Amino acid sequence: MSFDLQQLLRPHIAALKPYSSARDEYSGNEGIFLDANENPLGSITGQAYNRYPDPYQSQLKQKLADIKNVSSERIFLGNGSDEAIDLLFRAFCRPGIDNVIIMPPTYGMYEVSAGINDVPVRKVPLTPDFQLNPEEVLAAVTAATKIIFICSPNNPSGNKLLRESILTVLRGFQGLVVVDEAYIDFSDEPSFIHALDEFPNLLVMQTLSKAWGLAALRLGMAFASREIIAILNKIKPPYNISGLTQATVIKALGNTDKLEQMIEEIQVQKEQLRLQLEKTAGVEKVYPSHANFFLVKVPHAKSVYQQLITKKIIVRDRSGVYHCGDCLRITVGNQAENEQFIRALQEILATPIASGLEN
Ligand SMILES: *Cc1c(COP(=O)(O)O)cnc(C)c1O
């Protein structure tokens, strides 16, 4: 059996005639444009926002193609990675029939998006040290399994998954394997983008929300075969990336020096934060991280989380998720933020209330 994309695709999507936008039917830049019911006078801000943006984000994709060293036909851009996740469900998973596999603890949106699309989720937990067990994952595959979601470096644990384990899943599964690399810029691990030629069933997701510092602009990227990307393009909302985002990102992508500088600085702060966390009395475990956050085990994590909030320090309480009992997820902040956080944490952990005597 080999990978058969047409077989995987929902039949009505294969048959779908996509919306044809005004900009699809005439794509030149010059002319008198009376085709899209836009405002001919300009925009209310005075900036040139009155025309609909390029639905295919051609200029932006060309820049990304150069940076990522992949053909622009193999790039899909979404309104955040979340849009790509949702479109994958809609393209490949028949509600109530097909299923997907996730490996808790992992990024929450896979399951939420599955729920929105009424797609059953099969869960194969990571091992207690947050590695994936490829044999168990492949054993959980049924005839109705369409997508396996792998997150590496993993959120919320922070570690990277062993490359060989991911490759075993890619080789052993005839559906789509999504490798979510939201944190790849903080890792020494090479991207799975370079494995796209080898695996027609691979889709790699990245985002500008983390290392690039562009979370507010909402730009998620998916890299896959031309055929898979064509399917996502066929079903996406026509103007899913705003003109403001496209123009801003086109400019920002030239500034890779600044990106490198920021990553460097975050790595310095991350190492400092790790040392301070390990020195803090009461901290039980700081998990190894290839991302810009740490999963940290403390006694009575929920209470610590609440007390941090009263000091206006907000971390993520992950104590309720698989293998993460009493764990908080702490994003690496700037130097001053990390210092304040550590001081607050030390205060909290040094008091009997935090050590849990109240409950
Ligand atoms: C933050 C994050 C994303 C990014 O989502 P956007 O919608 O692109 O902001 C994707 N996957 C994981 C695992 C994340 O932690």
# chains A, B, ... in the order shown; residues from 1 in each chain; ligands from 1
call {"tool": "residues_around", "arguments": {"residues": "Ser21 in chain A", "least_positions_apart": "4", "cutoff": "12 Å", "atoms": "only C-alpha atoms", "output": "list in words"}}
result
Glu25, Tyr26, Ser27, Asp35, Ala36, Asn37, Tyr52, Pro53, Asp54, Pro55, Tyr56, Lys234, Pro237, Pro238 and Tyr239 of chain A
call {"tool": "residues_near_ligand", "arguments": {"ligand": "ligand 1", "cutoff": "9 Å", "atoms": "only C-alpha atoms and all ligand atoms", "output": "VMD selection string"}}
result
chain A and resid 78 to 85 106 to 110 151 to 156 180 to 183 205 to 210 214 to 221
call {"tool": "write_last_selection", "arguments": {"atoms": "N, CA, C and O atoms", "output": "compact mmCIF listing (two decimals), in the first residue's frame"}}
result
# COMPACT_ATOMS: atom_id res chain seq x y z
N GLY A 78 -1.53 30.59 6.23
CA GLY A 78 -2.81 30.67 6.92
C GLY A 78 -2.84 31.79 7.93
O GLY A 78 -1.80 32.32 8.33
N ASN A 79 -4.05 32.13 8.35
CA ASN A 79 -4.26 33.13 9.38
C ASN A 79 -3.89 32.47 10.72
O ASN A 79 -4.73 32.08 11.52
N GLY A 80 -2.58 32.32 10.91
CA GLY A 80 -2.05 31.52 12.01
C GLY A 80 -2.01 30.05 11.60
O GLY A 80 -2.68 29.65 10.65
N SER A 81 -1.21 29.27 12.32
CA SER A 81 -1.16 27.83 12.06
C SER A 81 -2.54 27.22 12.30
O SER A 81 -2.88 26.19 11.71
N ASP A 82 -3.30 27.85 13.17
CA ASP A 82 -4.61 27.32 13.51
C ASP A 82 -5.51 27.19 12.28
O ASP A 82 -6.31 26.27 12.19
N GLU A 83 -5.36 28.09 11.33
CA GLU A 83 -6.18 27.99 10.12
C GLU A 83 -5.78 26.77 9.30
O GLU A 83 -6.64 26.04 8.77
N ALA A 84 -4.46 26.51 9.22
CA ALA A 84 -4.00 25.33 8.47
C ALA A 84 -4.52 24.05 9.13
O ALA A 84 -4.97 23.12 8.45
N ILE A 85 -4.49 24.01 10.44
CA ILE A 85 -4.97 22.82 11.17
C ILE A 85 -6.45 22.59 10.85
O ILE A 85 -6.87 21.49 10.49
N THR A 106 0.18 17.58 24.36
CA THR A 106 0.62 18.31 23.17
C THR A 106 -0.22 19.57 22.99
O THR A 106 -1.07 19.89 23.83
N TYR A 107 0.03 20.26 21.90
CA TYR A 107 -0.65 21.52 21.60
C TYR A 107 -2.17 21.30 21.58
O TYR A 107 -2.66 20.37 20.93
N GLY A 108 -2.89 22.15 22.29
CA GLY A 108 -4.32 21.93 22.49
C GLY A 108 -5.18 22.09 21.25
O GLY A 108 -6.29 21.53 21.17
N MET A 109 -4.68 22.83 20.25
CA MET A 109 -5.55 23.14 19.11
C MET A 109 -5.89 21.93 18.24
O MET A 109 -6.91 21.93 17.56
N TYR A 110 -5.04 20.89 18.26
CA TYR A 110 -5.36 19.74 17.41
C TYR A 110 -6.70 19.14 17.86
O TYR A 110 -7.57 18.84 17.05
N CYS A 151 4.22 17.10 17.32
CA CYS A 151 4.69 18.45 17.63
C CYS A 151 6.12 18.34 18.15
O CYS A 151 6.36 17.73 19.18
N SER A 152 7.07 18.93 17.42
CA SER A 152 8.48 18.83 17.82
C SER A 152 9.25 20.07 17.40
O SER A 152 9.30 20.39 16.22
N PRO A 153 9.87 20.80 18.36
CA PRO A 153 9.81 20.62 19.81
C PRO A 153 8.37 20.66 20.31
O PRO A 153 7.56 21.42 19.78
N ASN A 154 8.10 19.85 21.32
CA ASN A 154 6.73 19.68 21.77
C ASN A 154 6.30 20.77 22.75
O ASN A 154 7.05 21.16 23.63
N ASN A 155 5.07 21.22 22.57
CA ASN A 155 4.41 22.10 23.52
C ASN A 155 3.40 21.21 24.26
O ASN A 155 2.61 20.56 23.59
N PRO A 156 3.41 21.13 25.58
CA PRO A 156 4.05 22.00 26.57
C PRO A 156 5.36 21.47 27.16
O PRO A 156 5.91 22.11 28.05
N ASP A 180 4.55 19.65 13.48
CA ASP A 180 4.38 21.05 13.88
C ASP A 180 5.70 21.56 14.46
O ASP A 180 6.13 21.13 15.53
N GLU A 181 6.34 22.46 13.71
CA GLU A 181 7.65 22.99 14.12
C GLU A 181 7.57 24.44 14.58
O GLU A 181 8.43 25.26 14.25
N ALA A 182 6.55 24.75 15.36
CA ALA A 182 6.37 26.14 15.81
C ALA A 182 7.62 26.68 16.53
O ALA A 182 7.90 27.88 16.48
N TYR A 183 8.38 25.78 17.17
CA TYR A 183 9.53 26.22 17.98
C TYR A 183 10.87 25.86 17.35
O TYR A 183 11.91 25.92 18.00
N MET A 205 4.49 22.27 9.63
CA MET A 205 3.94 23.58 9.98
C MET A 205 4.97 24.41 10.73
O MET A 205 5.67 23.88 11.60
N GLN A 206 5.05 25.67 10.36
CA GLN A 206 5.85 26.63 11.11
C GLN A 206 5.01 27.89 11.29
O GLN A 206 3.92 27.99 10.75
N THR A 207 5.53 28.83 12.05
CA THR A 207 4.75 30.03 12.32
C THR A 207 5.67 31.24 12.50
O THR A 207 6.84 31.07 12.86
N LEU A 208 5.14 32.43 12.26
CA LEU A 208 5.91 33.64 12.55
C LEU A 208 5.59 34.17 13.95
O LEU A 208 6.06 35.22 14.35
N SER A 209 4.77 33.40 14.70
CA SER A 209 4.28 33.90 15.99
C SER A 209 5.30 33.82 17.12
O SER A 209 5.12 34.46 18.15
N LYS A 210 6.34 33.02 16.97
CA LYS A 210 7.24 32.80 18.10
C LYS A 210 8.57 33.52 17.87
O LYS A 210 8.70 34.66 18.23
N LEU A 214 5.99 37.92 15.59
CA LEU A 214 4.89 38.52 14.82
C LEU A 214 3.54 37.88 15.14
O LEU A 214 2.68 37.76 14.27
N ALA A 215 3.35 37.52 16.41
CA ALA A 215 2.11 36.81 16.78
C ALA A 215 0.86 37.61 16.42
O ALA A 215 -0.16 37.05 16.02
N ALA A 216 0.94 38.94 16.54
CA ALA A 216 -0.25 39.76 16.30
C ALA A 216 -0.65 39.78 14.82
O ALA A 216 -1.82 40.02 14.49
N LEU A 217 0.30 39.52 13.93
CA LEU A 217 -0.03 39.58 12.50
C LEU A 217 -0.74 38.32 12.02
O LEU A 217 -1.37 38.34 10.96
N ARG A 218 -0.62 37.22 12.77
CA ARG A 218 -1.26 35.95 12.42
C ARG A 218 -0.76 35.42 11.08
O ARG A 218 -1.39 35.60 10.04
N LEU A 219 0.39 34.79 11.08
CA LEU A 219 0.85 34.15 9.86
C LEU A 219 1.45 32.78 10.17
O LEU A 219 2.50 32.67 10.78
N GLY A 220 0.72 31.77 9.74
CA GLY A 220 1.18 30.40 9.88
C GLY A 220 1.55 29.85 8.52
O GLY A 220 0.97 30.25 7.50
N MET A 221 2.53 28.94 8.51
CA MET A 221 3.00 28.39 7.23
C MET A 221 2.84 26.87 7.26
O MET A 221 3.09 26.24 8.27
call {"tool": "closest_residue", "arguments": {"among": "A:Gln269, A:Ser157, A:Gln59, A:Ser113", "to": "Lys251 in chain A", "atoms": "only C-alpha atoms"}}
result
A:Gln59
call {"tool": "residues_around", "arguments": {"residues": "Gly175 in chain A", "least_positions_apart": "6", "cutoff": "9 Å", "atoms": "only C-alpha atoms", "output": "PyMOL selection string"}}
result
chain A and resi 3-5+8+145-148+201-202
